[in-house]
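Shown next, in structure tokens, is the structure this report addresses.
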Amino acid sequence: RVAVIEGDGQSTLVLYRSDGVEMARTQIDGVASHVRWSPGSEQVTFTLGRPTSGGGVRQDLFLWQLGDGIAPLQLTNTGAGFSAEWLGAQATWQG
């Protein structure tokens with residue numbers, strides 16, 4: 001499962017094995033939500049919200065390759081990306 005820990009304008013995503021052992025961790029500026037697993041469980045997508053100077057929130061989609069040690073990759077930059085689903089995959093929530 002992936003846990004999202006929020007604080008001080010940042011989100012920490014932590015990947016845990018089913019027995020509770022931490023497998024991977026990444027931190028990113030913004031508020032992460034709508035976490036979705038890939039069908040093979042090797043990737044996670046999520047929405048990241050960041051405040052704008054006008055008081056709104058930019059929302060973009062990110063992809064985290066689990067276990068590669070690389071920071072999540074930003075997939076959109078329009079500020080209007082909200083929630084992703086894997087085509088052909090059973091919808092499951094891990095949070």
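Naming works like this for the structure tokens: A, B, ... for the chains as they're shown, residue 1 at the start of each chain, ligands 1 onward in shown order.
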
According to DSSP computed on the backbone, where in chain A is there strand (DSSP E or B)? Give the residues as a PDB file with N, CA, C and O atoms, in the first residue's frame.
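part_26.pdb, written as the output of this step:
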```pdb
ATOM      1  N   VAL A   2       0.301   2.365  -0.383  1.00  0.00           N
ATOM      2  CA  VAL A   2       0.997   3.647  -0.353  1.00  0.00           C
ATOM      3  C   VAL A   2       0.282   4.544   0.648  1.00  0.00           C
ATOM      4  O   VAL A   2      -0.930   4.720   0.580  1.00  0.00           O
ATOM      5  N   ALA A   3       1.028   5.089   1.575  1.00  0.00           N
ATOM      6  CA  ALA A   3       0.494   6.058   2.530  1.00  0.00           C
ATOM      7  C   ALA A   3       0.940   7.440   2.109  1.00  0.00           C
ATOM      8  O   ALA A   3       2.067   7.619   1.642  1.00  0.00           O
ATOM      9  N   VAL A   4       0.051   8.425   2.263  1.00  0.00           N
ATOM     10  CA  VAL A   4       0.370   9.820   1.969  1.00  0.00           C
ATOM     11  C   VAL A   4       0.376  10.574   3.290  1.00  0.00           C
ATOM     12  O   VAL A   4      -0.622  10.595   4.007  1.00  0.00           O
ATOM     13  N   ILE A   5       1.519  11.183   3.604  1.00  0.00           N
ATOM     14  CA  ILE A   5       1.681  11.960   4.832  1.00  0.00           C
ATOM     15  C   ILE A   5       1.876  13.408   4.414  1.00  0.00           C
ATOM     16  O   ILE A   5       2.775  13.715   3.626  1.00  0.00           O
ATOM     17  N   GLU A   6       1.013  14.292   4.918  1.00  0.00           N
ATOM     18  CA  GLU A   6       1.074  15.699   4.520  1.00  0.00           C
ATOM     19  C   GLU A   6       1.533  16.571   5.671  1.00  0.00           C
ATOM     20  O   GLU A   6       1.223  16.293   6.829  1.00  0.00           O
ATOM     21  N   GLY A   7       2.273  17.635   5.332  1.00  0.00           N
ATOM     22  CA  GLY A   7       2.699  18.603   6.331  1.00  0.00           C
ATOM     23  C   GLY A   7       3.597  19.659   5.737  1.00  0.00           C
ATOM     24  O   GLY A   7       4.391  19.380   4.843  1.00  0.00           O
ATOM     25  N   GLN A  10       4.089  19.971   1.954  1.00  0.00           N
ATOM     26  CA  GLN A  10       4.709  18.853   1.240  1.00  0.00           C
ATOM     27  C   GLN A  10       3.932  17.567   1.505  1.00  0.00           C
ATOM     28  O   GLN A  10       3.246  17.441   2.510  1.00  0.00           O
ATOM     29  N   SER A  11       4.072  16.637   0.590  1.00  0.00           N
ATOM     30  CA  SER A  11       3.511  15.303   0.768  1.00  0.00           C
ATOM     31  C   SER A  11       4.641  14.292   0.712  1.00  0.00           C
ATOM     32  O   SER A  11       5.533  14.385  -0.133  1.00  0.00           O
ATOM     33  N   THR A  12       4.597  13.339   1.615  1.00  0.00           N
ATOM     34  CA  THR A  12       5.519  12.217   1.589  1.00  0.00           C
ATOM     35  C   THR A  12       4.707  10.985   1.239  1.00  0.00           C
ATOM     36  O   THR A  12       3.713  10.684   1.901  1.00  0.00           O
ATOM     37  N   LEU A  13       5.095  10.298   0.166  1.00  0.00           N
ATOM     38  CA  LEU A  13       4.450   9.054  -0.223  1.00  0.00           C
ATOM     39  C   LEU A  13       5.357   7.924   0.213  1.00  0.00           C
ATOM     40  O   LEU A  13       6.558   7.931  -0.085  1.00  0.00           O
ATOM     41  N   VAL A  14       4.786   6.958   0.935  1.00  0.00           N
ATOM     42  CA  VAL A  14       5.558   5.841   1.466  1.00  0.00           C
ATOM     43  C   VAL A  14       4.922   4.544   0.981  1.00  0.00           C
ATOM     44  O   VAL A  14       3.726   4.329   1.167  1.00  0.00           O
ATOM     45  N   LEU A  15       5.732   3.704   0.359  1.00  0.00           N
ATOM     46  CA  LEU A  15       5.286   2.397  -0.119  1.00  0.00           C
ATOM     47  C   LEU A  15       5.600   1.352   0.938  1.00  0.00           C
ATOM     48  O   LEU A  15       6.738   1.248   1.396  1.00  0.00           O
ATOM     49  N   TYR A  16       4.573   0.590   1.337  1.00  0.00           N
ATOM     50  CA  TYR A  16       4.733  -0.481   2.325  1.00  0.00           C
ATOM     51  C   TYR A  16       4.394  -1.824   1.704  1.00  0.00           C
ATOM     52  O   TYR A  16       3.453  -1.923   0.915  1.00  0.00           O
ATOM     53  N   GLU A  22       8.551  -0.871   5.176  1.00  0.00           N
ATOM     54  CA  GLU A  22       8.686   0.212   4.206  1.00  0.00           C
ATOM     55  C   GLU A  22       9.614  -0.206   3.070  1.00  0.00           C
ATOM     56  O   GLU A  22      10.712  -0.682   3.295  1.00  0.00           O
ATOM     57  N   MET A  23       9.155   0.009   1.835  1.00  0.00           N
ATOM     58  CA  MET A  23       9.926  -0.363   0.649  1.00  0.00           C
ATOM     59  C   MET A  23      10.513   0.844  -0.086  1.00  0.00           C
ATOM     60  O   MET A  23      11.574   0.753  -0.665  1.00  0.00           O
ATOM     61  N   ALA A  24       9.789   1.963  -0.107  1.00  0.00           N
ATOM     62  CA  ALA A  24      10.254   3.158  -0.825  1.00  0.00           C
ATOM     63  C   ALA A  24       9.560   4.378  -0.238  1.00  0.00           C
ATOM     64  O   ALA A  24       8.484   4.269   0.350  1.00  0.00           O
ATOM     65  N   ARG A  25      10.194   5.530  -0.440  1.00  0.00           N
ATOM     66  CA  ARG A  25       9.657   6.784   0.087  1.00  0.00           C
ATOM     67  C   ARG A  25      10.085   7.911  -0.847  1.00  0.00           C
ATOM     68  O   ARG A  25      11.198   7.924  -1.358  1.00  0.00           O
ATOM     69  N   THR A  26       9.180   8.877  -1.059  1.00  0.00           N
ATOM     70  CA  THR A  26       9.516  10.060  -1.839  1.00  0.00           C
ATOM     71  C   THR A  26       8.768  11.250  -1.251  1.00  0.00           C
ATOM     72  O   THR A  26       7.686  11.090  -0.685  1.00  0.00           O
ATOM     73  N   GLN A  27       9.357  12.428  -1.363  1.00  0.00           N
ATOM     74  CA  GLN A  27       8.732  13.640  -0.855  1.00  0.00           C
ATOM     75  C   GLN A  27       8.614  14.634  -2.001  1.00  0.00           C
ATOM     76  O   GLN A  27       9.520  14.753  -2.831  1.00  0.00           O
ATOM     77  N   ILE A  28       7.493  15.359  -2.030  1.00  0.00           N
ATOM     78  CA  ILE A  28       7.234  16.284  -3.121  1.00  0.00           C
ATOM     79  C   ILE A  28       6.462  17.485  -2.584  1.00  0.00           C
ATOM     80  O   ILE A  28       5.654  17.347  -1.666  1.00  0.00           O
ATOM     81  N   ASP A  29       6.733  18.675  -3.133  1.00  0.00           N
ATOM     82  CA  ASP A  29       6.041  19.893  -2.709  1.00  0.00           C
ATOM     83  C   ASP A  29       4.619  19.894  -3.246  1.00  0.00           C
ATOM     84  O   ASP A  29       4.412  19.780  -4.455  1.00  0.00           O
ATOM     85  N   VAL A  31       0.159  18.916  -2.257  1.00  0.00           N
ATOM     86  CA  VAL A  31      -0.729  17.974  -1.576  1.00  0.00           C
ATOM     87  C   VAL A  31      -1.102  16.861  -2.553  1.00  0.00           C
ATOM     88  O   VAL A  31      -1.757  17.109  -3.566  1.00  0.00           O
ATOM     89  N   ALA A  32      -0.665  15.644  -2.252  1.00  0.00           N
ATOM     90  CA  ALA A  32      -0.935  14.490  -3.110  1.00  0.00           C
ATOM     91  C   ALA A  32      -2.301  13.894  -2.780  1.00  0.00           C
ATOM     92  O   ALA A  32      -2.698  13.817  -1.626  1.00  0.00           O
ATOM     93  N   SER A  33      -3.008  13.480  -3.823  1.00  0.00           N
ATOM     94  CA  SER A  33      -4.307  12.829  -3.653  1.00  0.00           C
ATOM     95  C   SER A  33      -4.563  11.907  -4.846  1.00  0.00           C
ATOM     96  O   SER A  33      -3.776  11.878  -5.785  1.00  0.00           O
ATOM     97  N   HIS A  34      -5.660  11.186  -4.823  1.00  0.00           N
ATOM     98  CA  HIS A  34      -6.094  10.326  -5.909  1.00  0.00           C
ATOM     99  C   HIS A  34      -4.991   9.369  -6.371  1.00  0.00           C
ATOM    100  O   HIS A  34      -4.653   9.294  -7.549  1.00  0.00           O
ATOM    101  N   VAL A  35      -4.411   8.658  -5.430  1.00  0.00           N
ATOM    102  CA  VAL A  35      -3.338   7.697  -5.716  1.00  0.00           C
ATOM    103  C   VAL A  35      -3.938   6.473  -6.402  1.00  0.00           C
ATOM    104  O   VAL A  35      -4.927   5.913  -5.930  1.00  0.00           O
ATOM    105  N   ARG A  36      -3.330   6.054  -7.516  1.00  0.00           N
ATOM    106  CA  ARG A  36      -3.805   4.888  -8.268  1.00  0.00           C
ATOM    107  C   ARG A  36      -2.625   3.996  -8.641  1.00  0.00           C
ATOM    108  O   ARG A  36      -1.616   4.472  -9.151  1.00  0.00           O
ATOM    109  N   TRP A  37      -2.780   2.694  -8.391  1.00  0.00           N
ATOM    110  CA  TRP A  37      -1.760   1.695  -8.729  1.00  0.00           C
ATOM    111  C   TRP A  37      -1.871   1.281 -10.183  1.00  0.00           C
ATOM    112  O   TRP A  37      -2.970   1.178 -10.724  1.00  0.00           O
ATOM    113  N   GLN A  43       4.049   0.918 -10.622  1.00  0.00           N
ATOM    114  CA  GLN A  43       3.948   2.363 -10.768  1.00  0.00           C
ATOM    115  C   GLN A  43       2.717   2.863 -10.008  1.00  0.00           C
ATOM    116  O   GLN A  43       1.753   2.124  -9.823  1.00  0.00           O
ATOM    117  N   VAL A  44       2.771   4.140  -9.624  1.00  0.00           N
ATOM    118  CA  VAL A  44       1.641   4.794  -8.979  1.00  0.00           C
ATOM    119  C   VAL A  44       1.463   6.157  -9.635  1.00  0.00           C
ATOM    120  O   VAL A  44       2.441   6.863  -9.876  1.00  0.00           O
ATOM    121  N   THR A  45       0.224   6.508  -9.954  1.00  0.00           N
ATOM    122  CA  THR A  45      -0.071   7.868 -10.386  1.00  0.00           C
ATOM    123  C   THR A  45      -0.778   8.582  -9.240  1.00  0.00           C
ATOM    124  O   THR A  45      -1.418   7.947  -8.402  1.00  0.00           O
ATOM    125  N   PHE A  46      -0.651   9.902  -9.229  1.00  0.00           N
ATOM    126  CA  PHE A  46      -1.363  10.691  -8.232  1.00  0.00           C
ATOM    127  C   PHE A  46      -1.531  12.115  -8.729  1.00  0.00           C
ATOM    128  O   PHE A  46      -0.827  12.567  -9.632  1.00  0.00           O
ATOM    129  N   THR A  47      -2.503  12.799  -8.144  1.00  0.00           N
ATOM    130  CA  THR A  47      -2.732  14.214  -8.410  1.00  0.00           C
ATOM    131  C   THR A  47      -1.960  15.007  -7.364  1.00  0.00           C
ATOM    132  O   THR A  47      -1.963  14.651  -6.189  1.00  0.00           O
ATOM    133  N   LEU A  48      -1.291  16.071  -7.794  1.00  0.00           N
ATOM    134  CA  LEU A  48      -0.574  16.936  -6.860  1.00  0.00           C
ATOM    135  C   LEU A  48      -1.149  18.335  -6.972  1.00  0.00           C
ATOM    136  O   LEU A  48      -1.148  18.934  -8.051  1.00  0.00           O
ATOM    137  N   GLY A  49      -1.676  18.854  -5.853  1.00  0.00           N
ATOM    138  CA  GLY A  49      -2.223  20.197  -5.811  1.00  0.00           C
ATOM    139  C   GLY A  49      -1.212  21.166  -5.221  1.00  0.00           C
ATOM    140  O   GLY A  49      -0.598  20.872  -4.198  1.00  0.00           O
ATOM    141  N   ARG A  50      -1.055  22.304  -5.894  1.00  0.00           N
ATOM    142  CA  ARG A  50      -0.149  23.349  -5.421  1.00  0.00           C
ATOM    143  C   ARG A  50      -0.887  24.683  -5.468  1.00  0.00           C
ATOM    144  O   ARG A  50      -1.547  24.991  -6.457  1.00  0.00           O
ATOM    145  N   PRO A  51      -0.758  25.497  -4.407  1.00  0.00           N
ATOM    146  CA  PRO A  51      -1.465  26.788  -4.392  1.00  0.00           C
ATOM    147  C   PRO A  51      -0.905  27.743  -5.441  1.00  0.00           C
ATOM    148  O   PRO A  51       0.274  27.708  -5.768  1.00  0.00           O
ATOM    149  N   VAL A  57      -5.781  26.583  -6.823  1.00  0.00           N
ATOM    150  CA  VAL A  57      -4.902  25.420  -6.726  1.00  0.00           C
ATOM    151  C   VAL A  57      -4.655  24.872  -8.124  1.00  0.00           C
ATOM    152  O   VAL A  57      -5.593  24.615  -8.878  1.00  0.00           O
ATOM    153  N   ARG A  58      -3.378  24.710  -8.456  1.00  0.00           N
ATOM    154  CA  ARG A  58      -2.984  24.009  -9.693  1.00  0.00           C
ATOM    155  C   ARG A  58      -2.959  22.525  -9.385  1.00  0.00           C
ATOM    156  O   ARG A  58      -2.417  22.111  -8.370  1.00  0.00           O
ATOM    157  N   GLN A  59      -3.529  21.725 -10.261  1.00  0.00           N
ATOM    158  CA  GLN A  59      -3.514  20.278 -10.073  1.00  0.00           C
ATOM    159  C   GLN A  59      -2.908  19.624 -11.302  1.00  0.00           C
ATOM    160  O   GLN A  59      -3.380  19.852 -12.411  1.00  0.00           O
ATOM    161  N   ASP A  60      -1.873  18.847 -11.076  1.00  0.00           N
ATOM    162  CA  ASP A  60      -1.235  18.133 -12.175  1.00  0.00           C
ATOM    163  C   ASP A  60      -1.038  16.675 -11.787  1.00  0.00           C
ATOM    164  O   ASP A  60      -1.039  16.321 -10.609  1.00  0.00           O
ATOM    165  N   LEU A  61      -0.870  15.843 -12.801  1.00  0.00           N
ATOM    166  CA  LEU A  61      -0.683  14.410 -12.601  1.00  0.00           C
ATOM    167  C   LEU A  61       0.798  14.061 -12.568  1.00  0.00           C
ATOM    168  O   LEU A  61       1.598  14.616 -13.326  1.00  0.00           O
ATOM    169  N   PHE A  62       1.141  13.110 -11.701  1.00  0.00           N
ATOM    170  CA  PHE A  62       2.511  12.636 -11.548  1.00  0.00           C
ATOM    171  C   PHE A  62       2.537  11.118 -11.621  1.00  0.00           C
ATOM    172  O   PHE A  62       1.552  10.450 -11.319  1.00  0.00           O
ATOM    173  N   LEU A  63       3.684  10.573 -12.012  1.00  0.00           N
ATOM    174  CA  LEU A  63       3.911   9.135 -12.076  1.00  0.00           C
ATOM    175  C   LEU A  63       5.135   8.807 -11.230  1.00  0.00           C
ATOM    176  O   LEU A  63       6.203   9.407 -11.412  1.00  0.00           O
ATOM    177  N   TRP A  64       4.975   7.865 -10.322  1.00  0.00           N
ATOM    178  CA  TRP A  64       6.083   7.415  -9.471  1.00  0.00           C
ATOM    179  C   TRP A  64       6.427   5.985  -9.853  1.00  0.00           C
ATOM    180  O   TRP A  64       5.605   5.085  -9.713  1.00  0.00           O
ATOM    181  N   GLN A  65       7.634   5.787 -10.373  1.00  0.00           N
ATOM    182  CA  GLN A  65       8.148   4.453 -10.696  1.00  0.00           C
ATOM    183  C   GLN A  65       8.656   3.850  -9.397  1.00  0.00           C
ATOM    184  O   GLN A  65       9.685   4.301  -8.879  1.00  0.00           O
ATOM    185  N   LEU A  73       7.652  11.711 -11.697  1.00  0.00           N
ATOM    186  CA  LEU A  73       7.702  12.430 -12.960  1.00  0.00           C
ATOM    187  C   LEU A  73       6.394  13.183 -13.164  1.00  0.00           C
ATOM    188  O   LEU A  73       5.313  12.593 -13.066  1.00  0.00           O
ATOM    189  N   GLN A  74       6.475  14.488 -13.439  1.00  0.00           N
ATOM    190  CA  GLN A  74       5.273  15.270 -13.714  1.00  0.00           C
ATOM    191  C   GLN A  74       4.789  14.948 -15.111  1.00  0.00           C
ATOM    192  O   GLN A  74       5.529  15.074 -16.087  1.00  0.00           O
ATOM    193  N   ALA A  80      -4.674  21.676 -14.647  1.00  0.00           N
ATOM    194  CA  ALA A  80      -6.055  21.179 -14.667  1.00  0.00           C
ATOM    195  C   ALA A  80      -6.108  19.650 -14.729  1.00  0.00           C
ATOM    196  O   ALA A  80      -7.141  19.080 -15.045  1.00  0.00           O
TER     197      ALA A  80
END
```

Taking into account only C-alpha atoms, which residue in the set A:Ala71, A:Val21, A:Ser53, A:Trp86 is nearest to Gly40 in chain A?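 Checking each of A:Ala71, A:Val21, A:Ser53, A:Trp86 against Gly40 in chain A, counting only C-alpha atoms, the winner is A:Trp86.
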
Atomic distance CA of Ser41 in chain A - CA of Arg17 in chain A, expressed in Å with one decimal: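 The value is 11.3 Å.
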
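Between CA of Glu42 in chain A and CA of Gly81 in chain A the interatomic distance comes to 21.7 Å.
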
Pick out the closest residue to Pro39 in chain A from this set: A:Ser18, A:Asp68, A:Glu85, A:Asp8. Count only C-alpha atoms. A:Glu85

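Taking CA of Arg1 in chain A and CA of Ser38 in chain A as endpoints, the distance between them is 12.2 Å.
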